[in-house]
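Listing of input-v5.cif, mmCIF, C-alpha atoms; chains and numbers go by the auth columns
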```cif
data_run
#
loop_
_atom_site.group_PDB
_atom_site.id
_atom_site.type_symbol
_atom_site.label_atom_id
_atom_site.label_comp_id
_atom_site.label_asym_id
_atom_site.label_seq_id
_atom_site.Cartn_x
_atom_site.Cartn_y
_atom_site.Cartn_z
_atom_site.B_iso_or_equiv
_atom_site.auth_seq_id
_atom_site.auth_asym_id
ATOM 1 C CA MET A 1 -16.890 -23.593 -15.572 0.00 1 A
ATOM 2 C CA ARG A 2 -14.894 -21.324 -13.286 0.00 2 A
ATOM 3 C CA ILE A 3 -11.336 -21.969 -12.223 0.00 3 A
ATOM 4 C CA ASP A 4 -10.312 -20.033 -9.125 0.00 4 A
ATOM 5 C CA ILE A 5 -7.219 -20.024 -6.918 0.00 5 A
ATOM 6 C CA ALA A 6 -7.018 -20.145 -3.114 0.00 6 A
ATOM 7 C CA GLY A 7 -4.742 -21.081 -0.231 0.00 7 A
ATOM 8 C CA TRP A 8 -2.055 -18.391 -0.282 0.00 8 A
ATOM 9 C CA THR A 9 -1.152 -18.319 3.407 0.00 9 A
ATOM 10 C CA ARG A 10 2.487 -19.365 2.945 0.00 10 A
ATOM 11 C CA GLU A 11 3.125 -16.800 0.208 0.00 11 A
ATOM 12 C CA ALA A 12 1.440 -14.060 2.214 0.00 12 A
ATOM 13 C CA MET A 13 3.632 -14.830 5.218 0.00 13 A
ATOM 14 C CA ALA A 14 6.743 -14.086 3.132 0.00 14 A
ATOM 15 C CA GLY A 15 5.926 -10.403 3.650 0.00 15 A
ATOM 16 C CA ASP A 16 6.792 -9.154 0.155 0.00 16 A
ATOM 17 C CA HIS A 17 3.592 -7.401 -0.859 0.00 17 A
ATOM 18 C CA GLN A 18 4.722 -6.693 -4.439 0.00 18 A
ATOM 19 C CA ALA A 19 5.568 -10.356 -5.057 0.00 19 A
ATOM 20 C CA PHE A 20 2.311 -11.467 -3.437 0.00 20 A
ATOM 21 C CA ARG A 21 0.291 -9.005 -5.521 0.00 21 A
ATOM 22 C CA ALA A 22 2.125 -10.137 -8.692 0.00 22 A
ATOM 23 C CA ILE A 23 0.738 -13.669 -8.232 0.00 23 A
ATOM 24 C CA PHE A 24 -2.787 -12.348 -8.741 0.00 24 A
ATOM 25 C CA GLU A 25 -1.898 -9.934 -11.507 0.00 25 A
ATOM 26 C CA SER A 26 -0.466 -12.967 -13.343 0.00 26 A
ATOM 27 C CA ALA A 27 -3.555 -15.053 -12.542 0.00 27 A
ATOM 28 C CA ASP A 28 -5.662 -12.291 -14.090 0.00 28 A
ATOM 29 C CA ARG A 29 -3.561 -12.317 -17.289 0.00 29 A
ATOM 30 C CA TRP A 30 -3.545 -16.127 -17.473 0.00 30 A
ATOM 31 C CA GLY A 31 -7.349 -16.286 -17.381 0.00 31 A
ATOM 32 C CA PHE A 32 -8.090 -17.547 -13.888 0.00 32 A
ATOM 33 C CA ASP A 33 -11.592 -16.577 -12.852 0.00 33 A
ATOM 34 C CA GLY A 34 -11.149 -15.717 -9.196 0.00 34 A
ATOM 35 C CA ALA A 35 -9.056 -15.704 -6.040 0.00 35 A
ATOM 36 C CA TRP A 36 -10.288 -16.488 -2.534 0.00 36 A
ATOM 37 C CA PHE A 37 -9.019 -15.278 0.841 0.00 37 A
ATOM 38 C CA SER A 38 -9.964 -16.097 4.423 0.00 38 A
ATOM 39 C CA GLU A 39 -10.284 -13.821 7.403 0.00 39 A
ATOM 40 C CA PHE A 40 -7.797 -14.490 10.207 0.00 40 A
ATOM 41 C CA ARG A 41 -8.107 -11.938 12.991 0.00 41 A
ATOM 42 C CA LEU A 42 -6.307 -11.118 16.206 0.00 42 A
ATOM 43 C CA PRO A 43 -4.674 -14.425 17.206 0.00 43 A
ATOM 44 C CA GLN A 44 -2.655 -14.414 13.982 0.00 44 A
ATOM 45 C CA SER A 45 -0.221 -11.650 14.979 0.00 45 A
ATOM 46 C CA ASP A 46 2.171 -12.427 12.138 0.00 46 A
ATOM 47 C CA TRP A 47 -0.534 -12.664 9.474 0.00 47 A
ATOM 48 C CA GLN A 48 0.021 -9.872 6.933 0.00 48 A
ATOM 49 C CA TYR A 49 -3.562 -9.728 5.645 0.00 49 A
ATOM 50 C CA PRO A 50 -6.145 -10.064 8.433 0.00 50 A
ATOM 51 C CA SER A 51 -8.846 -8.316 6.361 0.00 51 A
ATOM 52 C CA PRO A 52 -9.850 -10.051 3.136 0.00 52 A
ATOM 53 C CA LEU A 53 -11.851 -6.972 2.106 0.00 53 A
ATOM 54 C CA LEU A 54 -8.818 -4.683 2.305 0.00 54 A
ATOM 55 C CA LEU A 55 -6.763 -7.239 0.395 0.00 55 A
ATOM 56 C CA ALA A 56 -9.560 -7.591 -2.173 0.00 56 A
ATOM 57 C CA SER A 57 -9.619 -3.838 -2.657 0.00 57 A
ATOM 58 C CA ALA A 58 -5.898 -3.754 -3.417 0.00 58 A
ATOM 59 C CA LEU A 59 -6.060 -6.692 -5.821 0.00 59 A
ATOM 60 C CA LEU A 60 -9.216 -5.569 -7.606 0.00 60 A
ATOM 61 C CA ALA A 61 -7.565 -2.208 -8.268 0.00 61 A
ATOM 62 C CA ARG A 62 -4.608 -3.972 -9.954 0.00 62 A
ATOM 63 C CA THR A 63 -6.533 -6.503 -12.059 0.00 63 A
ATOM 64 C CA GLU A 64 -9.033 -6.213 -14.889 0.00 64 A
ATOM 65 C CA ARG A 65 -11.209 -9.303 -14.824 0.00 65 A
ATOM 66 C CA LEU A 66 -10.238 -11.430 -11.807 0.00 66 A
ATOM 67 C CA ARG A 67 -13.007 -11.831 -9.249 0.00 67 A
ATOM 68 C CA VAL A 68 -11.959 -11.787 -5.597 0.00 68 A
ATOM 69 C CA GLY A 69 -13.877 -13.632 -2.923 0.00 69 A
ATOM 70 C CA THR A 70 -13.923 -14.090 0.816 0.00 70 A
ATOM 71 C CA ALA A 71 -13.794 -17.654 2.047 0.00 71 A
ATOM 72 C CA VAL A 72 -14.882 -16.584 4.604 0.00 72 A
ATOM 73 C CA LEU A 73 -15.687 -13.352 6.374 0.00 73 A
ATOM 74 C CA VAL A 74 -16.298 -14.267 10.012 0.00 74 A
ATOM 75 C CA LEU A 75 -19.635 -12.529 10.385 0.00 75 A
ATOM 76 C CA PRO A 76 -19.902 -12.580 14.212 0.00 76 A
ATOM 77 C CA LEU A 77 -16.804 -10.346 14.385 0.00 77 A
ATOM 78 C CA HIS A 78 -18.501 -7.529 12.428 0.00 78 A
ATOM 79 C CA HIS A 79 -21.427 -5.166 12.773 0.00 79 A
ATOM 80 C CA PRO A 80 -23.570 -6.179 9.790 0.00 80 A
ATOM 81 C CA LEU A 81 -24.514 -2.629 8.753 0.00 81 A
ATOM 82 C CA MET A 82 -20.904 -1.494 8.565 0.00 82 A
ATOM 83 C CA LEU A 83 -19.913 -4.696 6.765 0.00 83 A
ATOM 84 C CA ALA A 84 -22.755 -4.216 4.254 0.00 84 A
ATOM 85 C CA GLU A 85 -21.550 -0.688 3.586 0.00 85 A
ATOM 86 C CA GLU A 86 -17.962 -1.861 2.972 0.00 86 A
ATOM 87 C CA ILE A 87 -19.071 -4.720 0.707 0.00 87 A
ATOM 88 C CA ALA A 88 -21.350 -2.411 -1.287 0.00 88 A
ATOM 89 C CA GLN A 89 -18.524 0.098 -1.759 0.00 89 A
ATOM 90 C CA LEU A 90 -16.125 -2.619 -2.889 0.00 90 A
ATOM 91 C CA ASP A 91 -18.739 -4.050 -5.248 0.00 91 A
ATOM 92 C CA PHE A 92 -19.216 -0.588 -6.780 0.00 92 A
ATOM 93 C CA GLN A 93 -15.489 0.171 -7.033 0.00 93 A
ATOM 94 C CA SER A 94 -14.715 -3.191 -8.647 0.00 94 A
ATOM 95 C CA GLY A 95 -17.543 -3.169 -11.165 0.00 95 A
ATOM 96 C CA GLY A 96 -19.185 -6.118 -9.407 0.00 96 A
ATOM 97 C CA ARG A 97 -16.137 -8.408 -9.186 0.00 97 A
ATOM 98 C CA ILE A 98 -16.429 -9.225 -5.475 0.00 98 A
ATOM 99 C CA ASP A 99 -17.818 -12.508 -4.127 0.00 99 A
ATOM 100 C CA ILE A 100 -18.682 -12.844 -0.464 0.00 100 A
ATOM 101 C CA GLY A 101 -18.607 -16.009 1.591 0.00 101 A
ATOM 102 C CA LEU A 102 -19.734 -15.812 5.203 0.00 102 A
ATOM 103 C CA GLY A 103 -18.910 -18.039 8.139 0.00 103 A
ATOM 104 C CA ARG A 104 -19.658 -18.319 11.809 0.00 104 A
ATOM 105 C CA GLY A 105 -16.083 -18.586 13.051 0.00 105 A
ATOM 106 C CA THR A 106 -15.043 -20.493 16.102 0.00 106 A
ATOM 107 C CA GLU A 107 -11.482 -19.293 16.808 0.00 107 A
ATOM 108 C CA PRO A 108 -11.508 -18.793 20.610 0.00 108 A
ATOM 109 C CA ALA A 109 -8.668 -16.258 20.649 0.00 109 A
ATOM 110 C CA SER A 110 -10.381 -13.969 18.121 0.00 110 A
ATOM 111 C CA LEU A 111 -13.654 -14.102 20.030 0.00 111 A
ATOM 112 C CA ALA A 112 -11.932 -13.499 23.369 0.00 112 A
ATOM 113 C CA SER A 113 -9.955 -10.549 21.976 0.00 113 A
ATOM 114 C CA LEU A 114 -13.210 -8.852 20.998 0.00 114 A
ATOM 115 C CA GLU A 115 -15.076 -9.990 24.123 0.00 115 A
ATOM 116 C CA ILE A 116 -17.572 -12.017 22.100 0.00 116 A
ATOM 117 C CA ALA A 117 -18.980 -14.994 23.963 0.00 117 A
ATOM 118 C CA ALA A 118 -18.413 -18.223 22.031 0.00 118 A
ATOM 119 C CA ASP A 119 -21.976 -19.327 22.724 0.00 119 A
ATOM 120 C CA SER A 120 -23.300 -16.184 20.996 0.00 120 A
ATOM 121 C CA THR A 121 -21.737 -16.821 17.579 0.00 121 A
ATOM 122 C CA ARG A 122 -24.718 -18.705 16.153 0.00 122 A
ATOM 123 C CA GLU A 123 -27.117 -15.899 17.064 0.00 123 A
ATOM 124 C CA ARG A 124 -24.666 -13.260 15.810 0.00 124 A
ATOM 125 C CA PHE A 125 -24.250 -15.154 12.543 0.00 125 A
ATOM 126 C CA GLU A 126 -27.956 -15.759 11.921 0.00 126 A
ATOM 127 C CA SER A 127 -28.988 -12.213 12.815 0.00 127 A
ATOM 128 C CA GLY A 128 -26.011 -10.666 11.033 0.00 128 A
ATOM 129 C CA ALA A 129 -26.606 -12.685 7.852 0.00 129 A
ATOM 130 C CA ARG A 130 -30.246 -11.582 7.701 0.00 130 A
ATOM 131 C CA ILE A 131 -29.342 -7.922 8.251 0.00 131 A
ATOM 132 C CA LEU A 132 -26.423 -8.044 5.800 0.00 132 A
ATOM 133 C CA ARG A 133 -28.398 -9.767 3.045 0.00 133 A
ATOM 134 C CA ASN A 134 -31.327 -7.370 3.376 0.00 134 A
ATOM 135 C CA ALA A 135 -29.091 -4.289 3.519 0.00 135 A
ATOM 136 C CA LEU A 136 -27.200 -5.369 0.389 0.00 136 A
ATOM 137 C CA ARG A 137 -30.512 -5.901 -1.403 0.00 137 A
ATOM 138 C CA GLY A 138 -31.519 -2.341 -0.533 0.00 138 A
ATOM 139 C CA ASP A 139 -34.319 -3.415 1.808 0.00 139 A
ATOM 140 C CA THR A 140 -35.180 -1.501 4.954 0.00 140 A
ATOM 141 C CA VAL A 141 -33.438 -3.136 7.905 0.00 141 A
ATOM 142 C CA ALA A 142 -33.911 -2.835 11.644 0.00 142 A
ATOM 143 C CA ALA A 143 -32.868 -4.783 14.706 0.00 143 A
ATOM 144 C CA SER A 144 -34.029 -4.878 18.298 0.00 144 A
ATOM 145 C CA GLY A 145 -32.842 -7.280 20.901 0.00 145 A
ATOM 146 C CA GLY A 146 -30.159 -9.794 20.177 0.00 146 A
ATOM 147 C CA PRO A 147 -26.642 -8.722 19.315 0.00 147 A
ATOM 148 C CA TRP A 148 -27.560 -5.487 17.501 0.00 148 A
ATOM 149 C CA SER A 149 -30.162 -2.815 17.980 0.00 149 A
ATOM 150 C CA PHE A 150 -30.896 0.001 15.561 0.00 150 A
ATOM 151 C CA ALA A 151 -33.865 1.867 14.118 0.00 151 A
ATOM 152 C CA PRO A 152 -35.164 1.054 10.646 0.00 152 A
ATOM 153 C CA ARG A 153 -32.929 2.315 7.868 0.00 153 A
ATOM 154 C CA LYS A 154 -32.735 1.838 4.151 0.00 154 A
#
```
Translate the structure of the given file into structure tokens.
Amino acid sequence: MRIDIAGWTREAMAGDHQAFRAIFESADRWGFDGAWFSEFRLPQSDWQYPSPLLLASALLARTERLRVGTAVLVLPLHHPLMLAEEIAQLDFQSGGRIDIGLGRGTEPASLASLEIAADSTRERFESGARILRNALRGDTVAASGGPWSFAPRK
């Protein structure tokens, strides 16, 4: 059985990064298995940690066994090839202690800020998930039509 921790929005809003980081360093020492963070982009102007991958990188560097997960990365906001590259780097740097959860996202302000049509999020999610999964498996990926277009690459 795993026992993870999640739901740290209030503590993150306090703005004291050392105190926030100390929570997870303690969780690592106390034997918790993982910590989960959500992605909150552009409409959350006072949110200290909009990128769960950047936060994961900082926490994974300061812990020894704690896994860090995304609950969720809003896939339609990202180019799947660049996201795959960042996830693969973080997986390598952490010795495989990263867990990735993906979501479609429906926050209108985030979509509007990036000029992403709300009615395109399903297609962006489905196409992005296929590309991301295949890229992380080391398969050759390509896309034509739809939200992304690129030549085959491994």
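The nearest approach to Asp91 of chain A among the residues A:Val141, A:Ala19, A:Leu77, A:Leu53, with all atoms listed in the file taken into account, belongs to A:Leu53.
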List every residue of segment 21-124 of chain A that has an atom at most 7 Å from any atom of segment 5-12 of chain A, and for each one report the closest atom pair and its distance in Å to one decimal, counting all atoms listed in the file, with rows sorted by chain and then by increasing residue number, as a tab-separated table.
```
residue	atom	partner	partner_atom	distance
A:Gly34	CA	A:Ile5	CA	6.3
A:Ala35	CA	A:Ile5	CA	4.8
A:Trp36	CA	A:Ala6	CA	4.9
A:Phe37	CA	A:Ala6	CA	6.6
A:Gln48	CA	A:Ala12	CA	6.5
```
Could you spell out the hits of the PyMOL selection byres ((chain A and resi 61-74) around 7) on the shown file, as a CSV table (one decimal) with C-alpha atoms, in the frame of the given file?
```
chain,number,residue,atom,x,y,z
A,25,GLU,CA,-1.9,-9.9,-11.5
A,28,ASP,CA,-5.7,-12.3,-14.1
A,32,PHE,CA,-8.1,-17.5,-13.9
A,33,ASP,CA,-11.6,-16.6,-12.9
A,34,GLY,CA,-11.1,-15.7,-9.2
A,35,ALA,CA,-9.1,-15.7,-6.0
A,36,TRP,CA,-10.3,-16.5,-2.5
A,37,PHE,CA,-9.0,-15.3,0.8
A,38,SER,CA,-10.0,-16.1,4.4
A,39,GLU,CA,-10.3,-13.8,7.4
A,52,PRO,CA,-9.8,-10.1,3.1
A,56,ALA,CA,-9.6,-7.6,-2.2
A,57,SER,CA,-9.6,-3.8,-2.7
A,58,ALA,CA,-5.9,-3.8,-3.4
A,59,LEU,CA,-6.1,-6.7,-5.8
A,60,LEU,CA,-9.2,-5.6,-7.6
A,75,LEU,CA,-19.6,-12.5,10.4
A,76,PRO,CA,-19.9,-12.6,14.2
A,77,LEU,CA,-16.8,-10.3,14.4
A,97,ARG,CA,-16.1,-8.4,-9.2
A,98,ILE,CA,-16.4,-9.2,-5.5
A,99,ASP,CA,-17.8,-12.5,-4.1
A,100,ILE,CA,-18.7,-12.8,-0.5
A,101,GLY,CA,-18.6,-16.0,1.6
A,102,LEU,CA,-19.7,-15.8,5.2
A,103,GLY,CA,-18.9,-18.0,8.1
A,104,ARG,CA,-19.7,-18.3,11.8
A,105,GLY,CA,-16.1,-18.6,13.1
```
Q: Enumerate, as a list in words, the protein, DNA and RNA residues whose atoms approach (-22.5, -7.1, 12.7) to within 10 Å, taking into account only C-alpha atoms and the coordinate frame of the file.
A: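 Here the neighbourhood of the point contains Val74, Leu75, Pro76, Leu77, His78, His79, Pro80, Leu81, Met82, Leu83, Ala84, Arg124, Phe125, Ser127, Gly128, Ala129, Ile131, Leu132, Pro147 and Trp148 of chain A.
The interatomic distance for the pair atom CA of Ala135 of chain A and atom CA of Pro152 of chain A works out to 10.8 Å.
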Q: Compare A:Asp4, A:Glu85, A:Glu123, A:Asp46 by their minimum atom-to-atom distance to Leu136 of chain A, counting only C-alpha atoms, and give me the closest one.
A: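 Closest candidate: A:Glu85.
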Would you compute, for all listed atoms of segment 92-95 of chain A, the axis-aligned bounding box grown by 8 Å on each side, and then report its centre and edge lengths in Å rounded to one decimal, as AutoDock Vina command-line options?
```
--center_x -17.0 --center_y -1.5 --center_z -9.0 --size_x 20.5 --size_y 19.4 --size_z 20.4
```
Q: Using all atoms listed in the file, determine which residues lie at most 9 Å from Thr140 of chain A, disregarding the query and same-chain residues fewer than 6 positions distant; provide the list as a list in words.
A: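 Everything that qualifies: Asn134, Pro152, Arg153 and Lys154 of chain A.
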Q) Got a sec: who's within 8 Å of Leu42 of chain A, counting all atoms listed in the file, leaving out chain neighbours fewer than 3 positions off, as an MDAnalysis selection string? A) chainID A and resid 45 50 109:110 113
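When atom CA of Leu55 of chain A is paired with atom CA of Arg21 of chain A, their separation reads 9.4 Å.
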